[in-house]
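Shown next: input-v2.pdb, given as PDB, C-alpha atoms.
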ATOM      1  CA  LYS M   1       0.000   0.000   0.000  1.00  0.00           C
ATOM      2  CA  ALA M   2       1.406   3.371  -0.950  1.00  0.00           C
ATOM      3  CA  GLY M   3       2.276   5.724   1.882  1.00  0.00           C
ATOM      4  CA  VAL M   4       1.366   9.340   2.406  1.00  0.00           C
ATOM      5  CA  THR M   5       2.607  11.523  -0.429  1.00  0.00           C
ATOM      6  CA  GLN M   6       3.207  15.253  -0.354  1.00  0.00           C
ATOM      7  CA  THR M   7       3.879  17.650  -3.180  1.00  0.00           C
ATOM      8  CA  PRO M   8       5.924  19.582  -3.835  1.00  0.00           C
ATOM      9  CA  ARG M   9       8.873  18.431  -1.738  1.00  0.00           C
ATOM     10  CA  TYR M  10      10.610  21.804  -1.825  1.00  0.00           C
ATOM     11  CA  LEU M  11       9.397  25.335  -2.353  1.00  0.00           C
ATOM     12  CA  ILE M  12      11.003  28.744  -2.341  1.00  0.00           C
ATOM     13  CA  LYS M  13       8.739  31.779  -2.040  1.00  0.00           C
ATOM     14  CA  THR M  14       9.143  35.428  -1.186  1.00  0.00           C
ATOM     15  CA  ARG M  15       7.446  37.388   1.573  1.00  0.00           C
ATOM     16  CA  GLY M  16       3.880  38.359   0.805  1.00  0.00           C
ATOM     17  CA  GLN M  17       3.257  35.522  -1.628  1.00  0.00           C
ATOM     18  CA  GLN M  18       0.903  32.652  -0.985  1.00  0.00           C
ATOM     19  CA  VAL M  19       1.546  28.927  -1.242  1.00  0.00           C
ATOM     20  CA  THR M  20      -0.511  25.751  -1.557  1.00  0.00           C
ATOM     21  CA  LEU M  21       0.751  22.375  -0.399  1.00  0.00           C
ATOM     22  CA  SER M  22      -0.842  19.060  -1.268  1.00  0.00           C
ATOM     23  CA  CYS M  23      -1.187  15.790   0.611  1.00  0.00           C
ATOM     24  CA  SER M  24      -2.524  12.428  -0.537  1.00  0.00           C
ATOM     25  CA  PRO M  25      -3.305  10.086   2.360  1.00  0.00           C
ATOM     26  CA  ILE M  26      -2.922   6.340   2.494  1.00  0.00           C
ATOM     27  CA  SER M  27      -5.723   4.662   0.573  1.00  0.00           C
ATOM     28  CA  GLY M  28      -8.739   4.204   2.835  1.00  0.00           C
ATOM     29  CA  HIS M  29      -7.624   6.791   5.368  1.00  0.00           C
ATOM     30  CA  ARG M  30     -10.134   9.552   5.886  1.00  0.00           C
ATOM     31  CA  SER M  31      -8.423  11.735   8.464  1.00  0.00           C
ATOM     32  CA  VAL M  32      -5.645  14.096   7.413  1.00  0.00           C
ATOM     33  CA  SER M  33      -3.661  16.253   9.826  1.00  0.00           C
ATOM     34  CA  TRP M  34      -1.057  18.927   9.162  1.00  0.00           C
ATOM     35  CA  TYR M  35       1.935  19.824  11.318  1.00  0.00           C
ATOM     36  CA  GLN M  36       4.586  22.501  11.106  1.00  0.00           C
ATOM     37  CA  GLN M  37       8.150  21.656  12.112  1.00  0.00           C
ATOM     38  CA  THR M  38      10.693  24.379  12.859  1.00  0.00           C
ATOM     39  CA  PRO M  39      13.976  24.310  14.803  1.00  0.00           C
ATOM     40  CA  GLY M  40      12.656  26.860  17.283  1.00  0.00           C
ATOM     41  CA  GLN M  41       9.096  25.653  17.906  1.00  0.00           C
ATOM     42  CA  GLY M  42       9.437  21.963  17.110  1.00  0.00           C
ATOM     43  CA  LEU M  43       6.410  20.073  15.820  1.00  0.00           C
ATOM     44  CA  GLN M  44       3.155  21.964  16.101  1.00  0.00           C
ATOM     45  CA  PHE M  45      -0.327  20.885  15.107  1.00  0.00           C
ATOM     46  CA  LEU M  46      -2.008  23.011  12.458  1.00  0.00           C
ATOM     47  CA  PHE M  47      -5.374  21.364  11.744  1.00  0.00           C
ATOM     48  CA  GLU M  48      -7.135  18.114  11.042  1.00  0.00           C
ATOM     49  CA  TYR M  49      -9.727  17.240   8.409  1.00  0.00           C
ATOM     50  CA  PHE M  50     -12.189  14.411   8.199  1.00  0.00           C
ATOM     51  CA  SER M  51     -14.870  13.961   5.542  1.00  0.00           C
ATOM     52  CA  GLU M  52     -14.098  17.379   4.069  1.00  0.00           C
ATOM     53  CA  THR M  53     -14.676  19.091   7.442  1.00  0.00           C
ATOM     54  CA  GLN M  54     -12.121  20.689   9.728  1.00  0.00           C
ATOM     55  CA  ARG M  55     -12.493  18.936  13.069  1.00  0.00           C
ATOM     56  CA  ASN M  56      -9.615  20.361  15.018  1.00  0.00           C
ATOM     57  CA  LYS M  57      -7.421  23.430  14.760  1.00  0.00           C
ATOM     58  CA  GLY M  58      -4.164  24.477  16.384  1.00  0.00           C
ATOM     59  CA  ASN M  59      -3.054  27.952  17.421  1.00  0.00           C
ATOM     60  CA  PHE M  60      -2.044  29.416  14.097  1.00  0.00           C
ATOM     61  CA  PRO M  61      -3.196  32.677  12.491  1.00  0.00           C
ATOM     62  CA  GLY M  62      -5.939  32.746   9.911  1.00  0.00           C
ATOM     63  CA  ARG M  63      -3.331  32.987   7.137  1.00  0.00           C
ATOM     64  CA  PHE M  64      -3.057  29.227   7.487  1.00  0.00           C
ATOM     65  CA  SER M  65      -5.998  27.390   6.021  1.00  0.00           C
ATOM     66  CA  GLY M  66      -6.781  24.034   4.562  1.00  0.00           C
ATOM     67  CA  ARG M  67      -9.365  21.907   2.903  1.00  0.00           C
ATOM     68  CA  GLN M  68     -10.098  18.310   2.131  1.00  0.00           C
ATOM     69  CA  PHE M  69     -11.627  16.857  -0.984  1.00  0.00           C
ATOM     70  CA  SER M  70     -14.097  14.015  -1.356  1.00  0.00           C
ATOM     71  CA  ASN M  71     -11.252  11.584  -2.131  1.00  0.00           C
ATOM     72  CA  SER M  72      -9.622  12.565   1.208  1.00  0.00           C
ATOM     73  CA  ARG M  73      -6.758  14.420  -0.454  1.00  0.00           C
ATOM     74  CA  SER M  74      -5.974  17.613   1.404  1.00  0.00           C
ATOM     75  CA  GLU M  75      -4.399  20.946   0.669  1.00  0.00           C
ATOM     76  CA  MET M  76      -3.117  23.609   2.978  1.00  0.00           C
ATOM     77  CA  ASN M  77      -2.676  27.214   2.022  1.00  0.00           C
ATOM     78  CA  VAL M  78      -0.582  29.930   3.576  1.00  0.00           C
ATOM     79  CA  SER M  79      -1.313  33.466   2.465  1.00  0.00           C
ATOM     80  CA  THR M  80       0.838  36.578   2.866  1.00  0.00           C
ATOM     81  CA  LEU M  81       3.944  34.569   3.651  1.00  0.00           C
ATOM     82  CA  GLU M  82       6.292  35.722   6.382  1.00  0.00           C
ATOM     83  CA  LEU M  83       9.925  34.789   6.948  1.00  0.00           C
ATOM     84  CA  GLY M  84       8.864  32.831  10.035  1.00  0.00           C
ATOM     85  CA  ASP M  85       6.719  30.524   7.915  1.00  0.00           C
ATOM     86  CA  SER M  86       9.882  28.812   6.669  1.00  0.00           C
ATOM     87  CA  ALA M  87       9.481  25.262   7.912  1.00  0.00           C
ATOM     88  CA  LEU M  88       8.945  21.634   7.090  1.00  0.00           C
ATOM     89  CA  TYR M  89       5.218  21.017   6.681  1.00  0.00           C
ATOM     90  CA  LEU M  90       4.202  17.473   7.457  1.00  0.00           C
ATOM     91  CA  CYS M  91       0.980  15.758   6.584  1.00  0.00           C
ATOM     92  CA  ALA M  92      -0.262  12.683   8.428  1.00  0.00           C
ATOM     93  CA  SER M  93      -3.163  10.364   7.746  1.00  0.00           C
ATOM     94  CA  SER M  94      -5.119   7.869   9.824  1.00  0.00           C
ATOM     95  CA  LEU M  95      -8.233   5.784   9.349  1.00  0.00           C
ATOM     96  CA  ASP M  96     -10.695   8.081  11.051  1.00  0.00           C
ATOM     97  CA  GLY M  97      -8.706   9.916  13.690  1.00  0.00           C
ATOM     98  CA  ILE M  98     -11.029   8.871  16.469  1.00  0.00           C
ATOM     99  CA  ALA M  99     -10.585   5.608  18.446  1.00  0.00           C
ATOM    100  CA  GLY M 100      -9.841   7.617  21.573  1.00  0.00           C
ATOM    101  CA  GLY M 101      -6.557   8.811  20.164  1.00  0.00           C
ATOM    102  CA  ARG M 102      -5.220   5.271  19.883  1.00  0.00           C
ATOM    103  CA  GLU M 103      -4.951   5.349  16.125  1.00  0.00           C
ATOM    104  CA  THR M 104      -1.545   5.678  14.544  1.00  0.00           C
ATOM    105  CA  GLN M 105      -0.924   8.670  12.337  1.00  0.00           C
ATOM    106  CA  TYR M 106       1.291   7.935   9.323  1.00  0.00           C
ATOM    107  CA  PHE M 107       3.423  10.779   8.087  1.00  0.00           C
ATOM    108  CA  GLY M 108       4.500  11.849   4.648  1.00  0.00           C
ATOM    109  CA  PRO M 109       8.021  13.061   3.789  1.00  0.00           C
ATOM    110  CA  GLY M 110       7.033  16.696   4.171  1.00  0.00           C
ATOM    111  CA  THR M 111       7.251  19.839   2.087  1.00  0.00           C
ATOM    112  CA  ARG M 112      10.157  22.107   2.929  1.00  0.00           C
ATOM    113  CA  LEU M 113       9.163  25.739   2.468  1.00  0.00           C
ATOM    114  CA  LEU M 114      11.728  28.522   2.403  1.00  0.00           C
ATOM    115  CA  VAL M 115      10.465  32.100   2.514  1.00  0.00           C
ATOM    116  CA  LEU M 116      12.927  34.760   1.375  1.00  0.00           C
TER     117      LEU M 116
ATOM    118  CA  GLY A 117      -3.098  21.280  28.773  1.00  0.00           C
ATOM    119  CA  ASN A 118      -1.238  18.328  27.325  1.00  0.00           C
ATOM    120  CA  SER A 119       2.558  18.335  27.120  1.00  0.00           C
ATOM    121  CA  VAL A 120       5.531  16.043  26.568  1.00  0.00           C
ATOM    122  CA  THR A 121       8.998  16.535  28.023  1.00  0.00           C
ATOM    123  CA  GLN A 122      12.012  14.769  26.559  1.00  0.00           C
ATOM    124  CA  MET A 123      15.589  14.709  27.685  1.00  0.00           C
ATOM    125  CA  GLU A 124      17.846  17.196  25.993  1.00  0.00           C
ATOM    126  CA  GLY A 125      20.130  15.986  23.272  1.00  0.00           C
ATOM    127  CA  PRO A 126      22.274  15.290  21.540  1.00  0.00           C
ATOM    128  CA  VAL A 127      22.970  11.844  22.905  1.00  0.00           C
ATOM    129  CA  THR A 128      26.227  10.373  21.644  1.00  0.00           C
ATOM    130  CA  LEU A 129      26.868   6.656  22.081  1.00  0.00           C
ATOM    131  CA  SER A 130      29.272   4.086  20.792  1.00  0.00           C
ATOM    132  CA  GLU A 131      27.901   1.220  18.748  1.00  0.00           C
ATOM    133  CA  GLU A 132      26.488  -1.609  20.896  1.00  0.00           C
ATOM    134  CA  ALA A 133      25.928   0.712  23.876  1.00  0.00           C
ATOM    135  CA  PHE A 134      22.663   0.768  25.824  1.00  0.00           C
ATOM    136  CA  LEU A 135      20.240   3.562  25.004  1.00  0.00           C
ATOM    137  CA  THR A 136      17.700   5.307  27.208  1.00  0.00           C
ATOM    138  CA  ILE A 137      15.806   8.402  26.133  1.00  0.00           C
ATOM    139  CA  ASN A 138      13.568   9.758  28.866  1.00  0.00           C
ATOM    140  CA  CYS A 139      10.052  10.963  28.161  1.00  0.00           C
ATOM    141  CA  THR A 140       7.448  12.199  30.632  1.00  0.00           C
ATOM    142  CA  TYR A 141       4.023  13.577  29.901  1.00  0.00           C
ATOM    143  CA  THR A 142       1.147  15.607  31.275  1.00  0.00           C
ATOM    144  CA  ALA A 143      -2.291  14.893  29.917  1.00  0.00           C
ATOM    145  CA  THR A 144      -5.963  15.176  30.692  1.00  0.00           C
ATOM    146  CA  GLY A 145      -7.804  11.948  30.158  1.00  0.00           C
ATOM    147  CA  TYR A 146      -6.142   8.720  29.048  1.00  0.00           C
ATOM    148  CA  PRO A 147      -3.497   9.342  26.407  1.00  0.00           C
ATOM    149  CA  SER A 148      -1.964   6.965  23.940  1.00  0.00           C
ATOM    150  CA  LEU A 149       1.810   7.289  23.734  1.00  0.00           C
ATOM    151  CA  PHE A 150       4.074   7.077  20.715  1.00  0.00           C
ATOM    152  CA  TRP A 151       7.708   7.178  19.715  1.00  0.00           C
ATOM    153  CA  TYR A 152       8.450   8.475  16.237  1.00  0.00           C
ATOM    154  CA  VAL A 153      11.850   8.597  14.532  1.00  0.00           C
ATOM    155  CA  GLN A 154      13.025  11.086  11.930  1.00  0.00           C
ATOM    156  CA  TYR A 155      16.014  10.365   9.730  1.00  0.00           C
ATOM    157  CA  PRO A 156      17.785  13.261   8.008  1.00  0.00           C
ATOM    158  CA  GLY A 157      15.708  14.819   5.257  1.00  0.00           C
ATOM    159  CA  GLU A 158      12.713  12.593   5.900  1.00  0.00           C
ATOM    160  CA  GLY A 159       9.319  12.698   7.593  1.00  0.00           C
ATOM    161  CA  LEU A 160       8.377  10.917  10.789  1.00  0.00           C
ATOM    162  CA  GLN A 161       8.163   7.148  11.051  1.00  0.00           C
ATOM    163  CA  LEU A 162       6.264   5.416  13.816  1.00  0.00           C
ATOM    164  CA  LEU A 163       8.691   3.430  15.932  1.00  0.00           C
ATOM    165  CA  LEU A 164       6.326   2.030  18.568  1.00  0.00           C
ATOM    166  CA  LYS A 165       3.239   2.871  20.565  1.00  0.00           C
ATOM    167  CA  ALA A 166       1.283   1.952  23.684  1.00  0.00           C
ATOM    168  CA  THR A 167      -2.365   2.704  24.250  1.00  0.00           C
ATOM    169  CA  LYS A 168      -2.934   1.910  27.927  1.00  0.00           C
ATOM    170  CA  ALA A 169      -1.104   1.733  31.221  1.00  0.00           C
ATOM    171  CA  ASP A 170       1.517  -1.050  31.565  1.00  0.00           C
ATOM    172  CA  ASP A 171       1.478  -1.728  27.816  1.00  0.00           C
ATOM    173  CA  LYS A 172       4.902  -2.281  26.311  1.00  0.00           C
ATOM    174  CA  GLY A 173       5.518  -1.168  22.760  1.00  0.00           C
ATOM    175  CA  SER A 174       8.416  -2.720  20.867  1.00  0.00           C
ATOM    176  CA  ASN A 175       9.914  -2.623  17.394  1.00  0.00           C
ATOM    177  CA  LYS A 176      13.369  -3.168  15.844  1.00  0.00           C
ATOM    178  CA  GLY A 177      14.902  -3.794  19.275  1.00  0.00           C
ATOM    179  CA  PHE A 178      13.440  -0.627  20.783  1.00  0.00           C
ATOM    180  CA  GLU A 179      11.072  -0.841  23.738  1.00  0.00           C
ATOM    181  CA  ALA A 180       9.033   1.538  25.864  1.00  0.00           C
ATOM    182  CA  THR A 181       6.592   0.853  28.688  1.00  0.00           C
ATOM    183  CA  TYR A 182       3.597   3.068  29.479  1.00  0.00           C
ATOM    184  CA  ARG A 183       3.992   3.943  33.174  1.00  0.00           C
ATOM    185  CA  LYS A 184       0.918   5.751  34.424  1.00  0.00           C
ATOM    186  CA  GLU A 185       2.187   6.086  38.003  1.00  0.00           C
ATOM    187  CA  THR A 186       5.258   8.007  36.866  1.00  0.00           C
ATOM    188  CA  THR A 187       3.656   9.469  33.692  1.00  0.00           C
ATOM    189  CA  SER A 188       6.593   8.221  31.683  1.00  0.00           C
ATOM    190  CA  PHE A 189       7.307   6.400  28.420  1.00  0.00           C
ATOM    191  CA  HIS A 190      11.074   6.011  28.274  1.00  0.00           C
ATOM    192  CA  LEU A 191      12.628   4.588  25.112  1.00  0.00           C
ATOM    193  CA  GLU A 192      15.282   1.881  25.480  1.00  0.00           C
ATOM    194  CA  LYS A 193      17.432  -0.266  23.236  1.00  0.00           C
ATOM    195  CA  GLY A 194      19.944  -2.791  24.421  1.00  0.00           C
ATOM    196  CA  SER A 195      22.527  -2.364  21.666  1.00  0.00           C
ATOM    197  CA  VAL A 196      22.448   0.610  19.308  1.00  0.00           C
ATOM    198  CA  GLN A 197      23.794   0.637  15.775  1.00  0.00           C
ATOM    199  CA  VAL A 198      25.175   3.434  13.630  1.00  0.00           C
ATOM    200  CA  SER A 199      21.992   3.177  11.549  1.00  0.00           C
ATOM    201  CA  ASP A 200      19.953   4.211  14.619  1.00  0.00           C
ATOM    202  CA  SER A 201      21.364   7.735  14.374  1.00  0.00           C
ATOM    203  CA  ALA A 202      18.309   9.971  14.017  1.00  0.00           C
ATOM    204  CA  VAL A 203      16.019  12.285  15.956  1.00  0.00           C
ATOM    205  CA  TYR A 204      13.517  10.587  18.243  1.00  0.00           C
ATOM    206  CA  PHE A 205      10.207  12.189  19.201  1.00  0.00           C
ATOM    207  CA  CYS A 206       7.954  11.169  22.035  1.00  0.00           C
ATOM    208  CA  ALA A 207       4.302  12.070  21.493  1.00  0.00           C
ATOM    209  CA  LEU A 208       0.885  11.648  23.044  1.00  0.00           C
ATOM    210  CA  SER A 209      -2.603  11.634  21.654  1.00  0.00           C
ATOM    211  CA  VAL A 210      -5.809  12.235  23.540  1.00  0.00           C
ATOM    212  CA  ARG A 211      -9.217  12.246  21.997  1.00  0.00           C
ATOM    213  CA  THR A 212     -10.807  15.673  22.276  1.00  0.00           C
ATOM    214  CA  GLY A 213     -14.431  15.692  21.258  1.00  0.00           C
ATOM    215  CA  THR A 214     -14.579  13.932  17.922  1.00  0.00           C
ATOM    216  CA  ALA A 215     -10.930  14.357  17.034  1.00  0.00           C
ATOM    217  CA  SER A 216      -7.490  13.670  18.344  1.00  0.00           C
ATOM    218  CA  LYS A 217      -4.145  15.296  17.686  1.00  0.00           C
ATOM    219  CA  LEU A 218      -0.537  14.486  18.459  1.00  0.00           C
ATOM    220  CA  THR A 219       1.392  16.564  20.968  1.00  0.00           C
ATOM    221  CA  PHE A 220       5.141  16.140  20.520  1.00  0.00           C
ATOM    222  CA  GLY A 221       8.190  16.542  22.681  1.00  0.00           C
ATOM    223  CA  THR A 222      11.093  18.610  21.405  1.00  0.00           C
ATOM    224  CA  GLY A 223      12.956  15.606  20.035  1.00  0.00           C
ATOM    225  CA  THR A 224      16.240  13.997  21.060  1.00  0.00           C
ATOM    226  CA  ARG A 225      19.039  13.649  18.558  1.00  0.00           C
ATOM    227  CA  LEU A 226      20.949  10.369  18.797  1.00  0.00           C
ATOM    228  CA  GLN A 227      24.402  10.030  17.272  1.00  0.00           C
ATOM    229  CA  VAL A 228      25.953   6.557  17.257  1.00  0.00           C
ATOM    230  CA  THR A 229      29.645   6.218  16.443  1.00  0.00           C
ATOM    231  CA  LEU A 230      31.809   3.216  15.605  1.00  0.00           C
TER     232      LEU A 230
END

Kindly present the structure from the file in structure tokens form.
Amino acid sequence: KAGVTQTPRYLIKTRGQQVTLSCSPISGHRSVSWYQQTPGQGLQFLFEYFSETQRNKGNFPGRFSGRQFSNSRSEMNVSTLELGDSALYLCASSLDGIAGGRETQYFGPGTRLLVL
Amino acid sequence: GNSVTQMEGPVTLSEEAFLTINCTYTATGYPSLFWYVQYPGEGLQLLLKATKADDKGSNKGFEATYRKETTSFHLEKGSVQVSDSAVYFCALSVRTGTASKLTFGTGTRLQVTL
């Protein structure tokens, strides 16, 4: 079974631009979560989608948004990029994200975003 | 709120040495606990997990036991290899409403030398 895929793997943008990242979950998985990884803040939860609905959201500004399509693929968008948005953005999928938190989340390789 | 505390790295060991990476947690409710590993330039891979107190997770020679009384989930391996060099993350997950999310520790870098 194919794992979680993320595209693109690398991106370079300038301040003020916007960016869209894509994530394809493992086949049959319906929950997709996004995390930001930086050297200073570590791994932080952005949001989680299930059945095209955002179920959970972390403490990020409204410039960070996402969506999920009917085939469970997900995109996240960052508008008006800032230098501090430079990070590795990781997507993770699980079956339904419930099960009392016992479910394993499987991660993709990430998209590395550099904002200049 | 929920939080995970890991020992500071980097940890440098010689091959075949014993490894312990400490992890303690604070959580409301009954968390599941995970260890993930990240190799250079890659995403996170699940190493092992435990979903209730006294459970022992194990994989590839790594072990960790869910200790509710000490709120700990320390990672151990009896004999490390150079290929184990990576960053290790302890994490917890607690269901909140209809969703759950992972809360990670800061990560511990392990360097194994010959």

| segment 46-59 of chain M: which residues within 10 Å, counting only C-alpha atoms, same-chain residues fewer than 6 positions away excluded, as a PyMOL selection string? | (chain M and resi 29-36+65-74+76+89-97) or (chain A and resi 212-217)

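A straight line drawn from atom CA of Thr186 of chain A to atom CA of Gln37 of chain M is 28.4 Å long.
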
| Neighbour list for Gln227 of chain A as a count of residues only, cut-off 12 Å, only C-alpha atoms, skip fewer than 6 positions in-chain | 20

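The coordinates place atom CA of Gln122 of chain A at 5.7 Å from atom CA of Asn138 of chain A.
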
Dump as a tab-separated table the rows for residues of chain A within 7 Å of chain M: closest atom pair and distance in Å with one decimal, only C-alpha atoms counted, ordered by chain and rising residue number.
residue	atom	partner	partner_atom	distance
A:Pro147	CA	M:Gly101	CA	7.0
A:Ser148	CA	M:Arg102	CA	5.5
A:Glu158	CA	M:Pro109	CA	5.2
A:Gly159	CA	M:Pro109	CA	4.0
A:Leu160	CA	M:Phe107	CA	5.6
A:Gln161	CA	M:Phe107	CA	6.7
A:Thr167	CA	M:Arg102	CA	5.8
A:Ser209	CA	M:Gly101	CA	5.1
A:Val210	CA	M:Gly101	CA	4.9
A:Arg211	CA	M:Gly100	CA	4.7
A:Thr214	CA	M:Ile98	CA	6.4
A:Ala215	CA	M:Ile98	CA	5.5
A:Ser216	CA	M:Gly101	CA	5.3
A:Phe220	CA	M:Leu43	CA	6.3
A:Thr222	CA	M:Gly42	CA	5.7

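Selection around (3.8, 16.5, 26.0) with radius 9 Å, counting all atoms listed in the file, yields the residues Gly117, Asn118, Ser119, Val120, Thr121, Gln122, Cys139, Thr140, Tyr141, Thr142, Ala143, Cys206, Ala207, Leu208, Leu218, Thr219, Phe220, Gly221 and Thr222 of chain A.
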
Size and centre in Å, one decimal, axis-aligned box, all listed segment 60-71 of chain M atoms plus 4 Å per side, as AutoDock Vina command-line options:
--center_x -8.1 --center_y 22.3 --center_z 6.0 --size_x 20.1 --size_y 29.4 --size_z 24.2

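The interatomic distance for the pair atom CA of Val78 of chain M and atom CA of Gly157 of chain A works out to 22.3 Å.
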
| Within-6 Å shell of (5.2, 4.2, 25.6) in input frame, only C-alpha atoms, as an MDAnalysis selection string | chainID A and resid 149:150 165:166 180:182 189

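Nearest residue to Gly84 of chain M among M:Ser27, M:Thr14, M:Thr7, M:Thr20 is M:Thr14, counting all atoms listed in the file.
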
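Nearest-residue note for Val115 of chain M: choosing from M:Leu81, M:Thr38, M:Gln18, M:Ala2, the minimum distance belongs to M:Leu81, counting all atoms listed in the file.
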
| task | Would you kindly return, as a PyMOL selection string, each protein, DNA or RNA residue with an atom no farther than 7 Å from any atom of Leu162 of chain A, considering only C-alpha atoms and excluding same-chain residues fewer than 3 positions away? | result | chain A and resi 151-153

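Nearest residue to Gly28 of chain M, choosing from M:Leu116, M:Leu83, M:Leu11, M:Val4 and counting only C-alpha atoms: M:Val4.
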
| task | Would you list the contacts of Asn175 of chain A as a VMD selection string, taking every protein, DNA or RNA residue within 7 Å and counting only C-alpha atoms, but skipping same-chain residues closer than 4 positions in sequence? | result | chain A and resid 163 to 164 179

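Nearest to Lys176 of chain A of all the residues A:Ser188, A:Tyr146, A:Met123, A:Ser195 is A:Ser195, based on all atoms listed in the file.
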
| request: Apply the PyMOL selection byres ((chain M and resi 64) around 7) to the displayed file and report the matching residues as JSON, numbers by chain. | output: {"M": [60, 61, 62, 63, 65, 77, 78, 79]}
